[in-house]
file input02.cif (mmCIF, C-alpha atoms and all ligand atoms)
data_protein
loop_
_atom_site.label_atom_id
_atom_site.label_comp_id
_atom_site.auth_asym_id
_atom_site.auth_seq_id
_atom_site.Cartn_x
_atom_site.Cartn_y
_atom_site.Cartn_z
CA MET A 1 44.40 133.78 53.77
CA PRO A 2 43.08 134.51 57.27
CA ILE A 3 39.37 133.91 57.72
CA ASN A 4 38.88 137.53 58.80
CA LEU A 5 40.95 140.54 57.75
CA MET A 6 42.58 142.44 60.59
CA GLU A 7 40.53 145.58 59.88
CA ASP A 8 37.34 143.52 60.08
CA VAL A 9 38.44 142.10 63.41
CA ILE A 10 39.12 145.65 64.62
CA GLU A 11 35.57 146.59 63.59
CA MET A 12 34.23 143.63 65.54
CA LEU A 13 36.29 144.71 68.58
CA LYS A 14 35.01 148.29 68.31
CA GLU A 15 31.44 147.01 68.31
CA ALA A 16 32.11 145.04 71.48
CA LYS A 17 33.77 148.03 73.12
CA LYS A 18 30.72 150.19 72.45
CA LYS A 19 28.80 147.98 74.87
CA ASP A 20 31.29 148.67 77.68
CA ALA A 21 30.56 151.37 80.24
CA ASN A 22 32.58 154.53 79.82
CA PHE A 23 34.62 155.84 82.74
CA ASP A 24 32.89 159.22 82.54
CA ARG A 25 29.83 157.38 83.86
CA ILE A 26 31.51 154.99 86.31
CA LEU A 27 31.21 156.09 89.93
CA GLY A 28 31.32 152.79 91.77
CA SER A 29 34.64 151.34 90.69
CA MET A 30 37.95 151.31 92.52
CA CYS A 31 39.67 151.13 89.15
CA THR A 32 40.28 154.09 86.89
CA VAL A 33 41.67 155.00 83.50
CA PRO A 34 45.37 154.09 83.64
CA HIS A 35 47.88 156.91 83.44
CA GLU A 36 49.18 157.55 79.89
CA MET A 37 52.64 156.55 81.10
CA ALA A 38 51.27 153.17 82.23
CA LYS A 39 49.61 152.50 78.88
CA LYS A 40 52.84 153.23 77.00
CA ALA A 41 54.93 151.00 79.26
CA TYR A 42 52.33 148.20 79.14
CA ASN A 43 52.50 148.11 75.35
CA MET A 44 56.30 148.04 75.37
CA PHE A 45 56.40 144.95 77.61
CA ILE A 46 53.30 143.17 76.35
CA GLU A 47 55.08 139.86 75.61
CA THR A 48 57.05 139.53 78.85
CA ASN A 49 56.40 136.85 81.46
CA LEU A 50 57.56 137.23 85.04
CA GLY A 51 56.80 133.56 85.63
CA ASP A 52 60.04 132.93 83.78
CA TYR A 53 62.00 136.01 84.75
CA GLU A 54 65.41 134.60 83.75
CA LEU A 55 64.30 135.34 80.19
CA PHE A 56 63.24 138.89 81.02
CA LYS A 57 65.94 140.29 83.27
CA GLY A 58 65.10 143.92 82.44
CA THR A 59 61.44 143.39 83.25
CA LYS A 60 62.42 141.64 86.47
CA GLU A 61 64.49 144.70 87.40
CA LEU A 62 61.41 146.88 86.88
CA GLU A 63 59.39 144.55 89.10
CA ASP A 64 62.06 144.77 91.82
CA LYS A 65 62.15 148.55 91.55
CA ALA A 66 58.36 148.78 91.81
CA ILE A 67 58.45 146.58 94.92
CA GLU A 68 61.20 148.78 96.41
CA TRP A 69 59.16 151.89 95.68
CA ILE A 70 56.14 150.44 97.52
CA ALA A 71 58.38 149.19 100.34
CA LYS A 72 59.70 152.71 100.88
CA LEU A 73 56.18 154.17 100.78
CA LEU A 74 55.09 151.69 103.45
CA HIS A 75 58.23 151.89 105.61
CA ALA A 76 59.16 148.23 105.16
CA PRO A 77 62.00 147.22 107.50
CA PRO A 78 65.31 145.81 106.22
CA GLY A 79 64.83 142.14 105.44
CA TYR A 80 61.31 142.61 104.03
CA ALA A 81 60.00 140.69 101.02
CA GLY A 82 57.69 141.91 98.30
CA LEU A 83 55.58 140.15 95.69
CA LEU A 84 53.94 141.68 92.67
CA THR A 85 50.49 140.11 92.32
CA SER A 86 47.41 140.34 90.15
CA GLY A 87 45.64 142.45 92.76
CA GLY A 88 44.00 142.48 96.16
CA THR A 89 42.44 139.04 95.90
CA GLU A 90 45.72 137.29 95.11
CA SER A 91 47.60 139.33 97.75
CA ASN A 92 45.06 138.50 100.45
CA ILE A 93 45.01 134.79 99.55
CA THR A 94 48.82 134.67 99.51
CA ALA A 95 49.16 136.39 102.90
CA LEU A 96 46.77 133.92 104.53
CA TRP A 97 48.43 131.01 102.73
CA ILE A 98 51.79 131.99 104.23
CA PHE A 99 50.44 132.67 107.73
CA LYS A 100 48.48 129.43 107.82
CA LYS A 101 51.65 127.51 107.03
CA LEU A 102 53.85 129.43 109.46
CA SER A 103 51.39 129.26 112.36
CA GLU A 104 49.95 125.81 111.58
CA LYS A 105 46.61 127.29 112.69
CA ARG A 106 43.37 127.84 110.86
CA GLU A 107 41.42 130.70 112.39
CA VAL A 108 41.42 134.15 110.87
CA ILE A 109 39.86 137.14 112.61
CA LEU A 110 38.59 139.88 110.33
CA PRO A 111 36.10 142.76 110.35
CA LYS A 112 32.56 142.54 109.04
CA GLN A 113 33.64 145.07 106.41
CA ALA A 114 36.37 142.82 104.97
CA HIS A 115 36.36 142.20 101.22
CA PHE A 116 34.87 138.96 99.90
CA SER A 117 38.29 137.84 98.67
CA PHE A 118 38.82 136.50 102.21
CA GLU A 119 35.89 134.14 101.67
CA LYS A 120 37.73 132.79 98.63
CA ALA A 121 40.90 132.45 100.70
CA ALA A 122 38.99 130.59 103.42
CA SER A 123 37.45 128.23 100.91
CA LEU A 124 40.76 127.50 99.17
CA LEU A 125 42.86 127.21 102.31
CA ASP A 126 40.25 125.59 104.54
CA LEU A 127 40.35 128.45 107.04
CA LYS A 128 37.75 129.42 109.60
CA LEU A 129 36.76 133.08 109.42
CA LYS A 130 35.80 134.73 112.70
CA VAL A 131 33.97 137.88 111.72
CA VAL A 132 34.20 140.81 114.14
CA GLU A 133 30.88 142.60 114.41
CA CYS A 134 31.63 146.28 113.96
CA GLY A 135 30.32 149.53 112.55
CA HIS A 136 32.10 151.33 109.77
CA PHE A 137 35.49 150.08 110.95
CA MET A 138 37.05 147.61 113.40
CA ARG A 139 38.21 148.73 116.85
CA ALA A 140 41.06 147.08 118.72
CA ARG A 141 38.93 146.45 121.82
CA ASP A 142 36.51 144.37 119.72
CA VAL A 143 39.27 142.19 118.28
CA LYS A 144 40.61 140.98 121.61
CA LYS A 145 37.71 138.72 122.54
CA TYR A 146 37.94 136.77 119.28
CA ILE A 147 41.57 135.72 119.80
CA SER A 148 42.16 132.12 120.83
CA SER A 149 44.96 129.54 120.74
CA SER A 150 43.75 128.63 117.22
CA THR A 151 44.20 132.14 115.79
CA ALA A 152 46.59 132.24 112.84
CA CYS A 153 46.10 135.83 111.81
CA VAL A 154 44.10 139.03 112.25
CA VAL A 155 43.14 140.99 109.16
CA ALA A 156 42.55 144.75 109.29
CA ILE A 157 41.54 147.03 106.43
CA ALA A 158 42.92 150.39 105.35
CA GLY A 159 40.11 151.74 103.21
CA ASN A 160 37.29 149.23 103.37
CA THR A 161 35.16 148.37 100.38
CA ASN A 162 31.85 149.85 101.57
CA TYR A 163 32.93 152.95 103.50
CA GLY A 164 36.61 153.60 102.76
CA TYR A 165 37.27 153.57 106.54
CA ILE A 166 40.52 152.56 108.21
CA ASP A 167 40.50 150.02 111.06
CA GLU A 168 42.46 150.74 114.28
CA ILE A 169 45.58 149.29 112.72
CA GLU A 170 48.26 150.50 115.15
CA GLU A 171 46.31 149.37 118.21
CA ILE A 172 45.33 146.03 116.68
CA ALA A 173 48.97 145.44 115.69
CA GLU A 174 50.01 145.96 119.33
CA ILE A 175 47.58 143.27 120.43
CA CYS A 176 48.74 140.86 117.71
CA SER A 177 52.35 141.43 118.61
CA ASP A 178 51.63 140.81 122.32
CA GLU A 179 49.70 137.65 121.45
CA ASN A 180 52.34 136.51 118.96
CA ILE A 181 49.95 136.22 116.04
CA PHE A 182 50.29 137.45 112.48
CA MET A 183 48.53 140.56 111.27
CA HIS A 184 47.72 141.36 107.66
CA VAL A 185 46.60 144.80 106.46
CA ASP A 186 44.44 144.94 103.36
CA ALA A 187 45.27 148.36 101.90
CA ALA A 188 44.24 147.35 98.37
CA PHE A 189 42.31 150.60 98.08
CA GLY A 190 43.81 152.83 100.78
CA GLY A 191 47.48 152.06 100.14
CA PHE A 192 47.88 154.75 97.53
CA VAL A 193 45.73 157.29 99.41
CA ALA A 194 46.15 157.05 103.18
CA PRO A 195 49.95 157.57 103.17
CA PHE A 196 49.38 160.90 101.42
CA VAL A 197 46.25 162.28 103.09
CA SER A 198 45.80 160.57 106.46
CA LYS A 199 47.72 160.83 109.71
CA LYS A 200 46.88 157.22 110.55
CA ILE A 201 49.65 154.66 110.31
CA ILE A 202 48.67 151.74 108.09
CA ASP A 203 52.15 150.37 107.36
CA PHE A 204 55.19 148.68 108.91
CA ARG A 205 55.69 151.49 111.43
CA ALA A 206 52.90 149.61 113.20
CA LYS A 207 53.69 146.06 114.32
CA ILE A 208 51.99 144.47 111.32
CA SER A 209 53.24 141.36 109.50
CA SER A 210 52.13 142.16 105.97
CA VAL A 211 50.28 144.68 103.85
CA SER A 212 48.70 144.54 100.40
CA VAL A 213 48.31 147.54 98.09
CA ASP A 214 46.84 147.67 94.59
CA ALA A 215 48.49 149.68 91.85
CA HIS A 216 45.51 149.00 89.56
CA LYS A 217 43.28 150.97 91.92
CA MET A 218 44.61 154.35 93.13
CA GLY A 219 48.08 153.61 91.70
CA MET A 220 46.77 154.43 88.20
CA ALA A 221 48.66 151.46 86.72
CA CYS A 222 47.15 148.83 84.41
CA ILE A 223 45.06 145.84 85.48
CA PRO A 224 46.29 143.42 86.88
CA CYS A 225 48.70 144.84 89.44
CA GLY A 226 48.92 144.61 93.20
CA PHE A 227 51.66 144.20 95.77
CA LEU A 228 52.05 142.12 98.90
CA LEU A 229 54.79 143.13 101.32
CA LEU A 230 55.94 140.89 104.16
CA ARG A 231 57.98 141.88 107.19
CA ASN A 232 60.36 138.91 106.89
CA LYS A 233 61.76 137.60 103.62
CA ASN A 234 62.20 134.10 105.05
CA TRP A 235 58.41 133.72 105.12
CA ILE A 236 58.44 133.47 101.33
CA GLU A 237 60.12 130.06 101.68
CA GLU A 238 56.71 128.69 102.75
CA ILE A 239 55.29 129.10 99.26
CA LYS A 240 58.42 128.62 97.16
CA VAL A 241 58.16 125.92 94.53
CA ARG A 242 60.92 124.50 92.36
CA SER A 243 59.84 125.31 88.79
CA LYS A 244 60.90 122.56 86.45
CA CYS A 245 60.62 123.46 82.77
CA THR A 246 61.06 127.21 83.06
CA HIS A 247 64.44 128.91 82.68
CA THR A 248 63.89 130.14 86.22
CA ARG A 249 64.52 127.82 89.13
CA PHE A 250 61.90 128.96 91.63
CA GLN A 251 58.51 130.60 91.80
CA ALA A 252 57.00 132.02 94.96
CA THR A 253 53.70 133.35 93.64
CA LEU A 254 50.25 131.86 93.33
CA LEU A 255 50.22 132.59 89.61
CA GLY A 256 52.67 130.95 87.22
CA THR A 257 52.81 132.99 84.04
CA ARG A 258 52.54 136.63 85.09
CA PRO A 259 52.35 139.79 82.99
CA GLY A 260 55.64 141.69 83.01
CA ALA A 261 53.72 144.49 81.30
CA ALA A 262 51.85 145.12 84.56
CA ALA A 263 55.13 145.53 86.46
CA ALA A 264 56.59 147.81 83.78
CA ALA A 265 53.43 149.94 83.73
CA ALA A 266 53.31 150.27 87.52
CA TYR A 267 56.95 151.24 87.85
CA ALA A 268 56.73 153.63 84.89
CA VAL A 269 53.98 155.61 86.66
CA MET A 270 55.84 155.53 89.98
CA HIS A 271 59.02 156.77 88.32
CA HIS A 272 57.10 159.42 86.39
CA LEU A 273 54.93 160.81 89.19
CA GLY A 274 57.04 160.14 92.26
CA TYR A 275 55.54 160.27 95.77
CA GLU A 276 54.79 163.98 95.24
CA GLY A 277 52.75 163.28 92.10
CA TYR A 278 50.67 160.62 93.84
CA LYS A 279 50.16 162.95 96.79
CA ARG A 280 48.70 165.60 94.48
CA ILE A 281 46.34 163.02 92.90
CA ALA A 282 45.21 161.74 96.31
CA GLU A 283 44.66 165.30 97.56
CA LYS A 284 42.64 166.18 94.47
CA CYS A 285 40.46 163.09 94.95
CA MET A 286 39.90 164.09 98.59
CA GLU A 287 38.99 167.62 97.52
CA ASN A 288 36.42 166.24 95.06
CA THR A 289 35.11 163.91 97.76
CA GLY A 290 34.56 166.96 99.97
CA TYR A 291 32.78 168.63 97.07
CA LEU A 292 30.43 165.64 96.68
CA ALA A 293 29.78 165.54 100.44
CA ASP A 294 28.87 169.25 100.48
CA LEU A 295 26.56 168.87 97.53
CA LEU A 296 24.80 165.91 99.14
CA LYS A 297 24.42 167.84 102.38
CA ARG A 298 22.97 170.87 100.60
CA ASN A 299 20.47 168.59 98.91
CA GLY A 300 19.47 166.92 102.18
CA ILE A 301 20.81 163.52 101.08
CA GLU A 302 22.21 161.43 103.94
CA TYR A 303 25.69 159.93 103.70
CA VAL A 304 28.43 158.48 105.87
CA GLU A 305 31.11 161.09 106.56
CA PRO A 306 34.05 160.02 104.33
CA GLU A 307 37.50 159.16 105.66
CA LEU A 308 39.14 158.54 102.27
CA ASN A 309 37.89 159.23 98.72
CA LEU A 310 34.77 157.13 98.98
CA ILE A 311 31.26 158.10 100.03
CA ALA A 312 28.53 155.71 101.10
CA ILE A 313 25.16 157.35 100.47
CA LYS A 314 22.37 156.09 102.71
CA VAL A 315 19.36 154.92 100.73
CA LYS A 316 16.45 152.59 101.23
CA LYS A 317 16.34 149.72 98.68
CA ALA A 318 19.90 150.22 97.43
CA ALA A 319 19.57 147.76 94.53
CA GLU A 320 16.54 149.60 93.19
CA VAL A 321 18.18 153.00 93.49
CA ALA A 322 21.30 151.64 91.73
CA ALA A 323 19.12 150.19 88.95
CA ARG A 324 17.34 153.52 88.44
CA LEU A 325 20.67 155.31 88.38
CA LYS A 326 21.83 152.84 85.75
CA GLU A 327 18.82 153.78 83.64
CA ALA A 328 19.98 157.38 83.98
CA GLY A 329 23.42 156.23 82.77
CA TRP A 330 25.33 156.02 86.09
CA TYR A 331 27.19 153.01 87.44
CA VAL A 332 27.38 152.99 91.25
CA GLY A 333 28.30 150.30 93.74
CA PHE A 334 25.63 149.21 96.20
CA ASP A 335 25.14 147.03 99.24
CA GLU A 336 21.55 146.13 100.06
CA GLU A 337 22.40 144.80 103.51
CA SER A 338 24.01 148.07 104.60
CA GLU A 339 21.47 150.14 102.61
CA ILE A 340 24.06 152.19 100.81
CA ILE A 341 25.14 153.11 97.34
CA ARG A 342 28.87 153.69 97.01
CA ILE A 343 30.65 156.44 95.12
CA VAL A 344 34.42 156.02 94.78
CA VAL A 345 35.87 159.40 93.90
CA MET A 346 38.65 158.07 91.67
CA PRO A 347 40.94 160.33 89.61
CA HIS A 348 38.55 160.16 86.63
CA VAL A 349 35.60 161.46 88.70
CA SER A 350 35.34 165.21 88.05
CA ASN A 351 33.20 167.81 89.78
CA GLU A 352 31.17 168.15 86.55
CA MET A 353 30.33 164.44 86.77
CA ILE A 354 29.45 164.90 90.44
CA ASN A 355 27.10 167.82 89.66
CA LYS A 356 25.22 165.85 87.01
CA PHE A 357 25.11 162.74 89.18
CA VAL A 358 23.64 164.50 92.22
CA GLU A 359 21.01 166.11 89.99
CA ASP A 360 19.99 162.64 88.73
CA LEU A 361 20.20 161.12 92.21
CA ARG A 362 17.72 163.69 93.50
CA LYS A 363 15.27 162.73 90.76
CA VAL A 364 15.75 159.00 91.41
CA MET A 365 15.26 159.38 95.17
CA LYS A 366 12.01 161.36 94.85
N1 LIG A 401 40.49 144.47 99.25
C1 LIG A 401 39.65 145.51 99.23
C2 LIG A 401 39.54 146.39 100.43
C3 LIG A 401 38.89 145.76 98.09
O1 LIG A 401 38.03 146.78 98.08
C4 LIG A 401 39.05 144.91 96.96
C5 LIG A 401 38.27 145.14 95.71
C6 LIG A 401 39.94 143.83 97.06
C7 LIG A 401 40.65 143.65 98.22
C8 LIG A 401 40.15 142.87 95.93
O2 LIG A 401 40.84 143.47 94.89
P1 LIG A 401 40.86 142.85 93.43
O3 LIG A 401 39.46 142.92 92.91
O4 LIG A 401 41.82 143.72 92.72
O5 LIG A 401 41.35 141.47 93.53
N2 LIG A 401 37.30 146.11 95.81
C9 LIG A 401 36.38 146.53 94.78
C10 LIG A 401 35.04 145.87 95.06
O6 LIG A 401 34.92 144.65 94.97
C11 LIG A 401 36.86 146.28 93.43
C12 LIG A 401 36.10 146.88 92.32
C13 LIG A 401 36.80 147.25 91.23
C14 LIG A 401 34.72 146.98 92.25
C15 LIG A 401 36.18 147.67 90.11
C16 LIG A 401 34.07 147.41 91.12
C17 LIG A 401 34.79 147.75 90.05
O7 LIG A 401 34.18 148.15 88.90
O8 LIG A 401 34.15 146.58 95.44
#
call {"tool": "encode", "arguments": {"input": "input02.cif", "output": "structure tokens"}}
result
Amino acid sequence: MPINLMEDVIEMLKEAKKKDANFDRILGSMCTVPHEMAKKAYNMFIETNLGDYELFKGTKELEDKAIEWIAKLLHAPPGYAGLLTSGGTESNITALWIFKKLSEKREVILPKQAHFSFEKAASLLDLKLKVVECGHFMRARDVKKYISSSTACVVAIAGNTNYGYIDEIEEIAEICSDENIFMHVDAAFGGFVAPFVSKKIIDFRAKISSVSVDAHKMGMACIPCGFLLLRNKNWIEEIKVRSKCTHTRFQATLLGTRPGAAAAAAYAVMHHLGYEGYKRIAEKCMENTGYLADLLKRNGIEYVEPELNLIAIKVKKAAEVAARLKEAGWYVGFDEESEIIRIVVMPHVSNEMINKFVEDLRKVMK
């Protein structure tokens, strides 16, 4: 006899789930409720492991197809390589891991707005981060003066964490190409939005070396799922390891055992929605972002003009405002240093939610 009946365990799980925040109250997350198609696919492939893909050839095919889909979206050149990762953090660490090895240098130039995953990368890989002082995004002219003979790589962001702004990627890529240094684009957030709603080039049409995109953010897939694309497939050799007891001979990912379910879910949504479907979702999110901006303006609340589906609202004492909003039932991101609270207008964020939120924000800010 088991020590607890399955239905009792389910009860226990339900109790725990009740304590979780509900997405109809979450405004500060870059994740969202996965698409129904993703949930179905995830369940179908729950036991698969891409760390030993010789055992799961069908799942491996889905992973390859998902990578191809992203490669096409981002105009990867022939001879590219793609990795399916656990998300932005792993993609960013892996990119810097590869570029450190290829360049045999240790300095990484990145904007002040870069995500904290680069701090983890620096700590793990013993890299020196040279932070470019900038406003809401990084300009090419500001990058130049940080470049030295020790520079391994420049990082630029397409959709930064605080403001959703896009750095001057094309121009920065020109500089990197002239200087013969690697350039990584972190499009963890913007990768599923910018290609559909922005005229800016964030992909391989610019002279970039790599780009990361997360399917578990605007891709509406299941957590954990990101992609790292590299211009040259030979670069993968730098991180390839002979795997000994698995049925598969090599691994070239930071993680060993990896969820095939995440790959299946991501490709299922891609196959279901197509580029057109994602375009409609991105456009709807932008429309709702415009709606939020208008409402804030009409209420005299200051914000940073959005570039993608993210609005930074200017407040004094951001942590306090966020805490009061939490009391009113809203979860928002905040950054005390920049004096902002952050609303990410993800697909689950409706105009009804926005109306109620702004009403509560007005009360909280009084
Ligand atoms: N790059 C950028 C530009 C990001 O914004 C993030 C995460 C990452 C990389 C790292 O991605 P992973 O967390 O997938 O490894 N940005 C959000 C943030 O830290 C993530 C987030 C998600 C925040 C859900 C809150 C939340 O509830 O702000």
call {"tool": "residues_around", "arguments": {"input": "input02.cif", "residues": "stretch 159-162 of chain A", "least_positions_apart": "5", "cutoff": "10 Å", "atoms": "all atoms listed in the file", "output": "PyMOL selection string"}}
result
chain A and resi 30+111-116+136-137+167+186-191+193-194+202+307-312+333-335+338+340-344
call {"tool": "residues_around", "arguments": {"input": "input02.cif", "residues": "stretch 97-105 of chain A", "least_positions_apart": "3", "cutoff": "12 Å", "atoms": "all atoms listed in the file", "output": "PDB file with C-alpha atoms, keeping the file's coordinate frame"}}
result
ATOM      1  CA  GLU A  90      45.720 137.290  95.110  1.00  0.00           C
ATOM      2  CA  SER A  91      47.600 139.330  97.750  1.00  0.00           C
ATOM      3  CA  ASN A  92      45.060 138.500 100.450  1.00  0.00           C
ATOM      4  CA  ILE A  93      45.010 134.790  99.550  1.00  0.00           C
ATOM      5  CA  THR A  94      48.820 134.670  99.510  1.00  0.00           C
ATOM      6  CA  VAL A 108      41.420 134.150 110.870  1.00  0.00           C
ATOM      7  CA  ILE A 109      39.860 137.140 112.610  1.00  0.00           C
ATOM      8  CA  PHE A 118      38.820 136.500 102.210  1.00  0.00           C
ATOM      9  CA  LYS A 120      37.730 132.790  98.630  1.00  0.00           C
ATOM     10  CA  ALA A 121      40.900 132.450 100.700  1.00  0.00           C
ATOM     11  CA  ALA A 122      38.990 130.590 103.420  1.00  0.00           C
ATOM     12  CA  SER A 123      37.450 128.230 100.910  1.00  0.00           C
ATOM     13  CA  LEU A 124      40.760 127.500  99.170  1.00  0.00           C
ATOM     14  CA  LEU A 125      42.860 127.210 102.310  1.00  0.00           C
ATOM     15  CA  ASP A 126      40.250 125.590 104.540  1.00  0.00           C
ATOM     16  CA  LEU A 127      40.350 128.450 107.040  1.00  0.00           C
ATOM     17  CA  LYS A 128      37.750 129.420 109.600  1.00  0.00           C
ATOM     18  CA  LEU A 129      36.760 133.080 109.420  1.00  0.00           C
ATOM     19  CA  SER A 148      42.160 132.120 120.830  1.00  0.00           C
ATOM     20  CA  SER A 149      44.960 129.540 120.740  1.00  0.00           C
ATOM     21  CA  SER A 150      43.750 128.630 117.220  1.00  0.00           C
ATOM     22  CA  THR A 151      44.200 132.140 115.790  1.00  0.00           C
ATOM     23  CA  ALA A 152      46.590 132.240 112.840  1.00  0.00           C
ATOM     24  CA  CYS A 153      46.100 135.830 111.810  1.00  0.00           C
ATOM     25  CA  VAL A 154      44.100 139.030 112.250  1.00  0.00           C
ATOM     26  CA  VAL A 155      43.140 140.990 109.160  1.00  0.00           C
ATOM     27  CA  ASN A 180      52.340 136.510 118.960  1.00  0.00           C
ATOM     28  CA  ILE A 181      49.950 136.220 116.040  1.00  0.00           C
ATOM     29  CA  PHE A 182      50.290 137.450 112.480  1.00  0.00           C
ATOM     30  CA  MET A 183      48.530 140.560 111.270  1.00  0.00           C
ATOM     31  CA  HIS A 184      47.720 141.360 107.660  1.00  0.00           C
ATOM     32  CA  SER A 209      53.240 141.360 109.500  1.00  0.00           C
ATOM     33  CA  SER A 210      52.130 142.160 105.970  1.00  0.00           C
ATOM     34  CA  LEU A 228      52.050 142.120  98.900  1.00  0.00           C
ATOM     35  CA  LEU A 229      54.790 143.130 101.320  1.00  0.00           C
ATOM     36  CA  LEU A 230      55.940 140.890 104.160  1.00  0.00           C
ATOM     37  CA  ARG A 231      57.980 141.880 107.190  1.00  0.00           C
ATOM     38  CA  ASN A 232      60.360 138.910 106.890  1.00  0.00           C
ATOM     39  CA  LYS A 233      61.760 137.600 103.620  1.00  0.00           C
ATOM     40  CA  ASN A 234      62.200 134.100 105.050  1.00  0.00           C
ATOM     41  CA  TRP A 235      58.410 133.720 105.120  1.00  0.00           C
ATOM     42  CA  ILE A 236      58.440 133.470 101.330  1.00  0.00           C
ATOM     43  CA  GLU A 237      60.120 130.060 101.680  1.00  0.00           C
ATOM     44  CA  GLU A 238      56.710 128.690 102.750  1.00  0.00           C
ATOM     45  CA  ILE A 239      55.290 129.100  99.260  1.00  0.00           C
ATOM     46  CA  LYS A 240      58.420 128.620  97.160  1.00  0.00           C
ATOM     47  CA  ALA A 252      57.000 132.020  94.960  1.00  0.00           C
ATOM     48  CA  THR A 253      53.700 133.350  93.640  1.00  0.00           C
ATOM     49  CA  LEU A 254      50.250 131.860  93.330  1.00  0.00           C
TER      50      LEU A 254
END
call {"tool": "atom_distance", "arguments": {"input": "input02.cif", "atom1": "atom CA of A:Leu84", "atom2": "atom CA of A:Thr48"}}
result
14.3 Å
call {"tool": "atom_distance", "arguments": {"input": "input02.cif", "atom1": "atom CA of A:Arg106", "atom2": "atom CA of A:Arg242"}}
result
25.7 Å
call {"tool": "atom_distance", "arguments": {"input": "input02.cif", "atom1": "atom CA of A:Gly135", "atom2": "atom CA of A:Ile169"}}
result
15.3 Å
call {"tool": "residues_around", "arguments": {"input": "input02.cif", "residues": "A:Cys245", "least_positions_apart": "6", "cutoff": "12 Å", "atoms": "only C-alpha atoms", "output": "PyMOL selection string"}}
result
chain A and resi 51-52+251+256
call {"tool": "residues_around", "arguments": {"input": "input02.cif", "residues": "A:Tyr146", "least_positions_apart": "2", "cutoff": "8 Å", "atoms": "all atoms listed in the file", "output": "PyMOL selection string"}}
result
chain A and resi 109+130+132+142-144+148
call {"tool": "residues_around", "arguments": {"input": "input02.cif", "residues": "stretch 272-284 of chain A", "least_positions_apart": "5", "cutoff": "7 Å", "atoms": "only C-alpha atoms", "output": "list of chain:residue names"}}
result
A:Val193, A:Phe196, A:Val197, A:Pro347
call {"tool": "closest_residue", "arguments": {"input": "input02.cif", "among": "A:Cys31, A:Ala323, A:Ala318, A:Leu83", "to": "ligand LIG 401 (chain A)", "atoms": "all atoms listed in the file"}}
result
A:Cys31
call {"tool": "axis_aligned_box", "arguments": {"input": "input02.cif", "around": "stretch 33-49 of chain A", "padding_each_side": "3 Å", "output": "AutoDock Vina command-line options"}}
result
--center_x 49.4 --center_y 147.2 --center_z 79.5 --size_x 21.4 --size_y 26.7 --size_z 14.3
call {"tool": "closest_residue", "arguments": {"input": "input02.cif", "among": "A:Ser350, A:Arg25, A:Ala158, A:Lys57", "to": "A:Ala328", "atoms": "all atoms listed in the file"}}
result
A:Arg25
call {"tool": "closest_residue", "arguments": {"input": "input02.cif", "among": "A:His216, A:Lys14, A:Lys199, A:Lys207", "to": "A:Glu170", "atoms": "all atoms listed in the file"}}
result
A:Lys207
call {"tool": "closest_residue", "arguments": {"input": "input02.cif", "among": "A:Lys244, A:Lys217, A:Arg249, A:Lys39", "to": "ligand LIG 401 (chain A)", "atoms": "only C-alpha atoms and all ligand atoms"}}
result
A:Lys217
call {"tool": "closest_residue", "arguments": {"input": "input02.cif", "among": "A:Ile70, A:Ala263, A:Ala76, A:Leu5", "to": "A:Ala41", "atoms": "all atoms listed in the file"}}
result
A:Ala263
call {"tool": "closest_residue", "arguments": {"input": "input02.cif", "among": "A:Cys285, A:Leu50, A:Ala173, A:Ile313", "to": "A:Ala140", "atoms": "only C-alpha atoms"}}
result
A:Ala173
